[in-house]
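Participant: Handing you this structure, nothing more for now.
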Protein chains: 2
Amino acid sequence: MAQHKADLLQGTLDMLILKALCHGELHGYGIIQRIRQLSDEMLHVEQGSLYPALYRIEQKGWVSSKWDVHETGRDAKFYKLTRSGRKQLEVEEASWDRLVLAVNKLRQAT
Amino acid sequence: MAQHKADLLQGTLDMLILKALCHGELHGYGIIQRIRQLSDEMLHVEQGSLYPALYRIEQKGWVSSKWDVHETGRDAKFYKLTRSGRKQLEVEEASWDRLVLAVNKLRQAT
DNA sequence: TTAGTATACTTTGCGATTCTAGGTATCACT
DNA sequence: AGTGATACCTAGAATCGCAAAGTATACTAA
């Protein structure tokens with residue numbers, strides 16, 4: 001069975017993470033699930049991609065994190081969009097839109 | 001002047017090259033110009049990206065090349081889509097479409 | 001003729017990022 | 001006690017686009 005391996009394109013992960021957080025804070029594992037759900041199971045983020053990405057993103061000041069207790073009773077690190085992160089999300093979405101537009105143009109140009 | 005630097009996302013270049021070639025053979029430099037034109041100047045491929053990519057793509061059998069004399073009188077290496085390359089283009093376009101769809105879903109999911 | 005510009009190909013090395021694969025630990029359920 | 005889901009982290013490999021440099025030819029303008 002040739003399973004379609006839907007690797008993410010490099011550069012899209014940050015946008016997905018920021019987008020996942022834009023309606024409230026989540027912990028890392030929850031971000032993966034949220035991206036999965038919202039995309040109708042089409043996007044899957046590996047843990048080995050997510051956690052380093054979250055670290056990078058936090059270094060850049062786009063999210064802030066704090067350890068807290070999840071409702072299930074387990075410790076988890078919760079991430080929240082910062083104001084700067086919200087702006088970055090806009091930038092990345094605009095950039096994404098431009099690329100999609102450009103590729104569409106190229107493809108439609110018969 | 002904040003010039004928007006529209007870097008390509010990693011993984012899209014092959015598709016663009018194959019697409020540029022799907023209406024006839026071109027030489028390397030011409031591929032760059034074609035992608036530029038067809039995308040309304042929105043996409044620019046650097047030579048340092050293109051030539052290694054062409055090498056990779058030829059290794060995979062998606063294009064074939066031959067040296068020939070350009071109409072300007074200069075030697076140039078002309079690339080042509082192979083049958084396998086045409087199939088690969090379909091695969092990559094489908095994959096691109098899936099990704100765009102998934103990202104759209106994620107973004108529309110308020 | 002000589003300088004500059006556009007064309008045309010190649011190569012090296014960098015930087016950034018995703019994935020694989022492993023590890024640790026907790027919790028619920030059987 | 002064992003399994004599976006949850007939750008975090010890290011190291012290493014692999015990929016790929018880009019910047020920068022080099023080589024060379026053709027055309028044009030001073």
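Going by the structure tokens order, chains are called A, B, ..., each with residues numbered from 1, while ligands are numbered from 1 in the order shown.
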Within 7 Å of range 57-71 of chain A, counting only C-alpha atoms (C1' of nucleotides), which residues show up once you throw out same-chain ones fewer than 6 positions away? Write them as a VMD selection string, please.
Facilitator: chain A and resid 77 to 82 84 to 85
Participant: Quick one: residues within 12 Å of Glu93 in chain A, only C-alpha atoms (C1' of nucleotides) counted, chain neighbours fewer than 6 positions away excluded, as an MDAnalysis selection string?
Facilitator: (chainID A and resid 11:19 86:87 99:100) or (chainID B and resid 103:104 106:107)
Participant: Taking only C-alpha atoms (C1' of nucleotides) into account, produce a table as a Markdown table in which each residue of chain C with an atom at most 9 Å from an atom of chain A appears once, together with its shortest atom pair and the distance in Å to one decimal, ordered by chain and rising number.
Facilitator:
```
| residue | atom | partner | partner_atom | distance |
| --- | --- | --- | --- | --- |
| C:DA16 | C1' | A:Gln10 | CA | 8.8 |
| C:DT17 | C1' | A:Gln10 | CA | 6.0 |
| C:DT18 | C1' | A:Ser49 | CA | 5.9 |
| C:DC19 | C1' | A:Gly48 | CA | 7.0 |
| C:DT20 | C1' | A:Gly48 | CA | 8.3 |
| C:DT26 | C1' | A:Arg74 | CA | 7.1 |
| C:DC27 | C1' | A:Arg74 | CA | 7.9 |
```
Participant: I need the contact residues of chain A against chain D, so if you could list those with any atom within 8 Å, counting only C-alpha atoms (C1' of nucleotides), and return them as an MDAnalysis selection string, that would help.
Facilitator: chainID A and resid 28:29 51 75:76
Participant: Please produce an output containing N, CA and C atoms for each residue in the selection, written as a tab-separated table (two decimals), in the first residue's frame.
Facilitator:
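New file selection_8.tsv:
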```tsv
chain	number	residue	atom	x	y	z
A	28	GLY	N	2.19	21.13	24.11
A	28	GLY	CA	2.81	20.63	22.89
A	28	GLY	C	2.03	19.52	22.23
A	29	TYR	N	1.77	18.50	22.99
A	29	TYR	CA	1.06	17.34	22.44
A	29	TYR	C	-0.30	17.76	21.91
A	51	TYR	N	8.80	19.78	18.98
A	51	TYR	CA	9.44	20.33	20.16
A	51	TYR	C	10.63	21.24	19.82
A	75	ASP	N	1.45	16.86	34.37
A	75	ASP	CA	2.19	18.08	34.07
A	75	ASP	C	2.33	18.24	32.56
A	76	ALA	N	2.24	19.47	32.15
A	76	ALA	CA	2.42	19.75	30.73
A	76	ALA	C	2.86	21.19	30.57
```
Participant: Show me, as an mmCIF file with C-alpha atoms, in the first residue's frame, the residues that have an atom within 10 Å of Gln108 in chain A when counting only C-alpha atoms (C1' of nucleotides), minus same-chain residues fewer than 6 positions from it.
Facilitator:
```cif
data_model
loop_
_atom_site.group_PDB
_atom_site.id
_atom_site.type_symbol
_atom_site.label_atom_id
_atom_site.label_comp_id
_atom_site.auth_asym_id
_atom_site.auth_seq_id
_atom_site.Cartn_x
_atom_site.Cartn_y
_atom_site.Cartn_z
ATOM 1 C CA ALA A 102 2.276 32.629 -7.585
ATOM 2 C CA LEU B 38 4.599 32.592 -15.790
ATOM 3 C CA SER B 39 4.376 33.604 -12.145
#
```
Participant: Would you mind telling me which residue in A:Glu25, A:Arg56, A:Ala20, A:Gln88 lies nearest to chain B when using only C-alpha atoms?
Facilitator: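 Closest to chain B, using only C-alpha atoms: A:Ala20.
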Participant: Is it possible to get the superposed chain A, fitted on chain B over all Cα pairs by sequence order, as a PDB file with C-alpha atoms, in the first residue's frame?
Facilitator:
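Heads up, here's the output in out-v2.pdb:
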```pdb
ATOM      1  CA  MET A   1      12.661  49.470   1.810  1.00  0.00           C
ATOM      2  CA  ALA A   2      11.585  46.153   3.171  1.00  0.00           C
ATOM      3  CA  GLN A   3      11.680  44.084   0.035  1.00  0.00           C
ATOM      4  CA  HIS A   4       9.550  41.000   0.369  1.00  0.00           C
ATOM      5  CA  LYS A   5      11.983  38.174   0.080  1.00  0.00           C
ATOM      6  CA  ALA A   6       9.946  35.448  -1.525  1.00  0.00           C
ATOM      7  CA  ASP A   7      12.093  32.470  -0.835  1.00  0.00           C
ATOM      8  CA  LEU A   8      10.733  29.278  -2.212  1.00  0.00           C
ATOM      9  CA  LEU A   9       9.532  26.739   0.249  1.00  0.00           C
ATOM     10  CA  GLN A  10      11.707  23.685   0.274  1.00  0.00           C
ATOM     11  CA  GLY A  11      10.129  21.046  -1.857  1.00  0.00           C
ATOM     12  CA  THR A  12       8.409  23.267  -4.370  1.00  0.00           C
ATOM     13  CA  LEU A  13      11.303  23.814  -6.721  1.00  0.00           C
ATOM     14  CA  ASP A  14      11.109  20.454  -8.438  1.00  0.00           C
ATOM     15  CA  MET A  15       7.470  20.992  -9.228  1.00  0.00           C
ATOM     16  CA  LEU A  16       8.149  24.435 -10.652  1.00  0.00           C
ATOM     17  CA  ILE A  17      10.936  23.153 -12.864  1.00  0.00           C
ATOM     18  CA  LEU A  18       8.922  20.214 -14.141  1.00  0.00           C
ATOM     19  CA  LYS A  19       5.981  22.501 -14.766  1.00  0.00           C
ATOM     20  CA  ALA A  20       8.145  24.949 -16.667  1.00  0.00           C
ATOM     21  CA  LEU A  21       9.262  22.138 -18.927  1.00  0.00           C
ATOM     22  CA  CYS A  22       5.890  20.606 -19.553  1.00  0.00           C
ATOM     23  CA  HIS A  23       5.297  22.556 -22.737  1.00  0.00           C
ATOM     24  CA  GLY A  24       8.609  21.906 -24.369  1.00  0.00           C
ATOM     25  CA  GLU A  25      12.307  21.784 -23.744  1.00  0.00           C
ATOM     26  CA  LEU A  26      14.233  24.687 -22.333  1.00  0.00           C
ATOM     27  CA  HIS A  27      17.769  25.378 -21.244  1.00  0.00           C
ATOM     28  CA  GLY A  28      18.543  26.111 -17.620  1.00  0.00           C
ATOM     29  CA  TYR A  29      18.622  29.864 -17.821  1.00  0.00           C
ATOM     30  CA  GLY A  30      15.410  29.740 -19.814  1.00  0.00           C
ATOM     31  CA  ILE A  31      13.703  27.777 -17.076  1.00  0.00           C
ATOM     32  CA  ILE A  32      14.391  30.581 -14.637  1.00  0.00           C
ATOM     33  CA  GLN A  33      12.959  33.132 -17.030  1.00  0.00           C
ATOM     34  CA  ARG A  34       9.957  30.989 -17.783  1.00  0.00           C
ATOM     35  CA  ILE A  35       9.099  30.506 -14.120  1.00  0.00           C
ATOM     36  CA  ARG A  36       9.468  34.228 -13.658  1.00  0.00           C
ATOM     37  CA  GLN A  37       7.195  35.086 -16.551  1.00  0.00           C
ATOM     38  CA  LEU A  38       4.506  32.523 -15.906  1.00  0.00           C
ATOM     39  CA  SER A  39       4.258  33.542 -12.275  1.00  0.00           C
ATOM     40  CA  ASP A  40       3.970  37.225 -13.126  1.00  0.00           C
ATOM     41  CA  GLU A  41       7.423  37.971 -11.738  1.00  0.00           C
ATOM     42  CA  MET A  42       6.440  36.604  -8.353  1.00  0.00           C
ATOM     43  CA  LEU A  43       8.800  33.644  -8.332  1.00  0.00           C
ATOM     44  CA  HIS A  44      12.502  33.939  -8.813  1.00  0.00           C
ATOM     45  CA  VAL A  45      14.747  30.907  -8.856  1.00  0.00           C
ATOM     46  CA  GLU A  46      18.404  31.464  -8.090  1.00  0.00           C
ATOM     47  CA  GLN A  47      20.959  29.866 -10.345  1.00  0.00           C
ATOM     48  CA  GLY A  48      22.568  28.327  -7.320  1.00  0.00           C
ATOM     49  CA  SER A  49      19.303  26.575  -6.644  1.00  0.00           C
ATOM     50  CA  LEU A  50      18.419  25.659 -10.185  1.00  0.00           C
ATOM     51  CA  TYR A  51      21.492  23.881 -11.467  1.00  0.00           C
ATOM     52  CA  PRO A  52      21.901  21.514  -8.532  1.00  0.00           C
ATOM     53  CA  ALA A  53      18.186  20.860  -8.715  1.00  0.00           C
ATOM     54  CA  LEU A  54      18.386  20.048 -12.406  1.00  0.00           C
ATOM     55  CA  TYR A  55      21.214  17.663 -11.668  1.00  0.00           C
ATOM     56  CA  ARG A  56      19.181  15.903  -8.976  1.00  0.00           C
ATOM     57  CA  ILE A  57      16.151  15.757 -11.188  1.00  0.00           C
ATOM     58  CA  GLU A  58      18.087  14.326 -14.070  1.00  0.00           C
ATOM     59  CA  GLN A  59      19.595  11.677 -11.782  1.00  0.00           C
ATOM     60  CA  LYS A  60      16.074  10.662 -10.882  1.00  0.00           C
ATOM     61  CA  GLY A  61      15.215  10.332 -14.524  1.00  0.00           C
ATOM     62  CA  TRP A  62      12.591  13.027 -14.628  1.00  0.00           C
ATOM     63  CA  VAL A  63      14.369  15.072 -17.261  1.00  0.00           C
ATOM     64  CA  SER A  64      16.928  14.359 -19.945  1.00  0.00           C
ATOM     65  CA  SER A  65      19.431  16.862 -21.222  1.00  0.00           C
ATOM     66  CA  LYS A  66      21.513  17.494 -24.283  1.00  0.00           C
ATOM     67  CA  TRP A  67      23.922  20.213 -25.304  1.00  0.00           C
ATOM     68  CA  ASP A  68      22.768  22.165 -28.286  1.00  0.00           C
ATOM     69  CA  VAL A  69      23.161  25.528 -29.890  1.00  0.00           C
ATOM     70  CA  HIS A  70      20.696  28.145 -28.818  1.00  0.00           C
ATOM     71  CA  GLU A  71      19.140  30.330 -31.484  1.00  0.00           C
ATOM     72  CA  THR A  72      21.352  33.137 -30.261  1.00  0.00           C
ATOM     73  CA  GLY A  73      24.330  31.102 -31.363  1.00  0.00           C
ATOM     74  CA  ARG A  74      25.486  30.120 -27.907  1.00  0.00           C
ATOM     75  CA  ASP A  75      25.864  26.673 -26.444  1.00  0.00           C
ATOM     76  CA  ALA A  76      23.289  25.688 -23.913  1.00  0.00           C
ATOM     77  CA  LYS A  77      22.101  22.562 -22.199  1.00  0.00           C
ATOM     78  CA  PHE A  78      18.532  21.755 -23.042  1.00  0.00           C
ATOM     79  CA  TYR A  79      16.283  19.867 -20.675  1.00  0.00           C
ATOM     80  CA  LYS A  80      13.254  17.861 -21.593  1.00  0.00           C
ATOM     81  CA  LEU A  81      10.600  16.160 -19.491  1.00  0.00           C
ATOM     82  CA  THR A  82      10.721  12.391 -19.639  1.00  0.00           C
ATOM     83  CA  ARG A  83       7.641  10.232 -19.391  1.00  0.00           C
ATOM     84  CA  SER A  84       8.601   9.487 -15.812  1.00  0.00           C
ATOM     85  CA  GLY A  85       8.991  13.214 -15.187  1.00  0.00           C
ATOM     86  CA  ARG A  86       5.521  13.874 -16.466  1.00  0.00           C
ATOM     87  CA  LYS A  87       4.174  11.373 -13.983  1.00  0.00           C
ATOM     88  CA  GLN A  88       6.228  12.900 -11.205  1.00  0.00           C
ATOM     89  CA  LEU A  89       4.793  16.296 -12.031  1.00  0.00           C
ATOM     90  CA  GLU A  90       1.317  14.915 -11.520  1.00  0.00           C
ATOM     91  CA  VAL A  91       2.331  13.434  -8.199  1.00  0.00           C
ATOM     92  CA  GLU A  92       3.842  16.683  -7.004  1.00  0.00           C
ATOM     93  CA  GLU A  93       0.917  18.759  -8.129  1.00  0.00           C
ATOM     94  CA  ALA A  94      -1.486  16.456  -6.325  1.00  0.00           C
ATOM     95  CA  SER A  95       0.673  16.660  -3.244  1.00  0.00           C
ATOM     96  CA  TRP A  96       0.749  20.429  -3.461  1.00  0.00           C
ATOM     97  CA  ASP A  97      -3.010  20.561  -3.830  1.00  0.00           C
ATOM     98  CA  ARG A  98      -3.473  18.390  -0.771  1.00  0.00           C
ATOM     99  CA  LEU A  99      -1.267  20.619   1.301  1.00  0.00           C
ATOM    100  CA  VAL A 100      -2.970  23.791   0.167  1.00  0.00           C
ATOM    101  CA  LEU A 101      -6.328  22.226   0.909  1.00  0.00           C
ATOM    102  CA  ALA A 102      -5.226  21.171   4.376  1.00  0.00           C
ATOM    103  CA  VAL A 103      -3.825  24.583   5.204  1.00  0.00           C
ATOM    104  CA  ASN A 104      -7.004  26.199   3.953  1.00  0.00           C
ATOM    105  CA  LYS A 105      -9.068  23.982   6.191  1.00  0.00           C
ATOM    106  CA  LEU A 106      -6.940  24.867   9.140  1.00  0.00           C
ATOM    107  CA  ARG A 107      -7.187  28.551   8.418  1.00  0.00           C
ATOM    108  CA  GLN A 108     -10.891  28.552   7.806  1.00  0.00           C
ATOM    109  CA  ALA A 109     -11.591  26.641  10.979  1.00  0.00           C
ATOM    110  CA  THR A 110     -12.229  29.701  13.045  1.00  0.00           C
TER     111      THR A 110
END
```
Participant: Check the DSSP output for the backbone and give back, as a PyMOL selection string, the residues of chain B in alpha helix (DSSP H).
Facilitator: chain B and resi 13-21+28-38+47-59+83-108
Participant: Using DSSP on the backbone coordinates, identify the residues of chain A assigned to strand (DSSP E or B); present them as a list of chain:residue names.
Facilitator: A:Gln10, A:Leu26, A:His27, A:Val63, A:Ser64, A:Ser65, A:Lys66, A:Trp67, A:Asp68, A:Val69, A:Asp75, A:Ala76, A:Lys77, A:Phe78, A:Tyr79, A:Lys80, A:Leu81
Participant: How about saving the chosen residues, N, CA and C atoms kept, as an mmCIF file, in the first residue's frame?
Facilitator:
```cif
data_model
loop_
_atom_site.group_PDB
_atom_site.id
_atom_site.type_symbol
_atom_site.label_atom_id
_atom_site.label_comp_id
_atom_site.auth_asym_id
_atom_site.auth_seq_id
_atom_site.Cartn_x
_atom_site.Cartn_y
_atom_site.Cartn_z
ATOM 1 N N GLN A 10 9.201 22.484 4.231
ATOM 2 C CA GLN A 10 9.998 23.269 5.168
ATOM 3 C C GLN A 10 9.574 24.722 5.133
ATOM 4 N N LEU A 26 -2.214 25.998 24.423
ATOM 5 C CA LEU A 26 -2.232 24.545 24.333
ATOM 6 C C LEU A 26 -0.878 24.027 24.791
ATOM 7 N N HIS A 27 -0.837 22.767 25.172
ATOM 8 C CA HIS A 27 0.465 22.160 25.430
ATOM 9 C C HIS A 27 0.930 21.475 24.150
ATOM 10 N N VAL A 63 6.040 32.823 21.099
ATOM 11 C CA VAL A 63 5.187 32.170 22.091
ATOM 12 C C VAL A 63 5.865 32.266 23.450
ATOM 13 N N SER A 64 5.057 32.139 24.495
ATOM 14 C CA SER A 64 5.614 32.016 25.840
ATOM 15 C C SER A 64 5.074 30.721 26.423
ATOM 16 N N SER A 65 5.812 30.167 27.354
ATOM 17 C CA SER A 65 5.401 28.862 27.882
ATOM 18 C C SER A 65 5.427 28.877 29.404
ATOM 19 N N LYS A 66 4.618 28.025 29.966
ATOM 20 C CA LYS A 66 4.683 27.802 31.412
ATOM 21 C C LYS A 66 4.228 26.376 31.717
ATOM 22 N N TRP A 67 4.875 25.794 32.709
ATOM 23 C CA TRP A 67 4.464 24.465 33.159
ATOM 24 C C TRP A 67 3.192 24.597 33.979
ATOM 25 N N ASP A 68 2.293 23.681 33.746
ATOM 26 C CA ASP A 68 1.044 23.718 34.493
ATOM 27 C C ASP A 68 0.498 22.291 34.566
ATOM 28 N N VAL A 69 -0.571 22.154 35.282
ATOM 29 C CA VAL A 69 -1.155 20.825 35.402
ATOM 30 C C VAL A 69 -2.338 20.709 34.450
ATOM 31 N N ASP A 75 1.453 16.858 34.374
ATOM 32 C CA ASP A 75 2.187 18.078 34.069
ATOM 33 C C ASP A 75 2.328 18.243 32.561
ATOM 34 N N ALA A 76 2.240 19.472 32.148
ATOM 35 C CA ALA A 76 2.419 19.750 30.729
ATOM 36 C C ALA A 76 2.859 21.192 30.567
ATOM 37 N N LYS A 77 3.522 21.450 29.472
ATOM 38 C CA LYS A 77 4.047 22.785 29.224
ATOM 39 C C LYS A 77 3.092 23.483 28.271
ATOM 40 N N PHE A 78 2.542 24.568 28.740
ATOM 41 C CA PHE A 78 1.526 25.251 27.933
ATOM 42 C C PHE A 78 2.123 26.435 27.197
ATOM 43 N N TYR A 79 1.757 26.524 25.929
ATOM 44 C CA TYR A 79 2.283 27.589 25.073
ATOM 45 C C TYR A 79 1.177 28.567 24.710
ATOM 46 N N LYS A 80 1.577 29.821 24.653
ATOM 47 C CA LYS A 80 0.614 30.870 24.369
ATOM 48 C C LYS A 80 1.207 31.836 23.354
ATOM 49 N N LEU A 81 0.408 32.273 22.414
ATOM 50 C CA LEU A 81 0.858 33.269 21.446
ATOM 51 C C LEU A 81 1.161 34.581 22.157
#
```
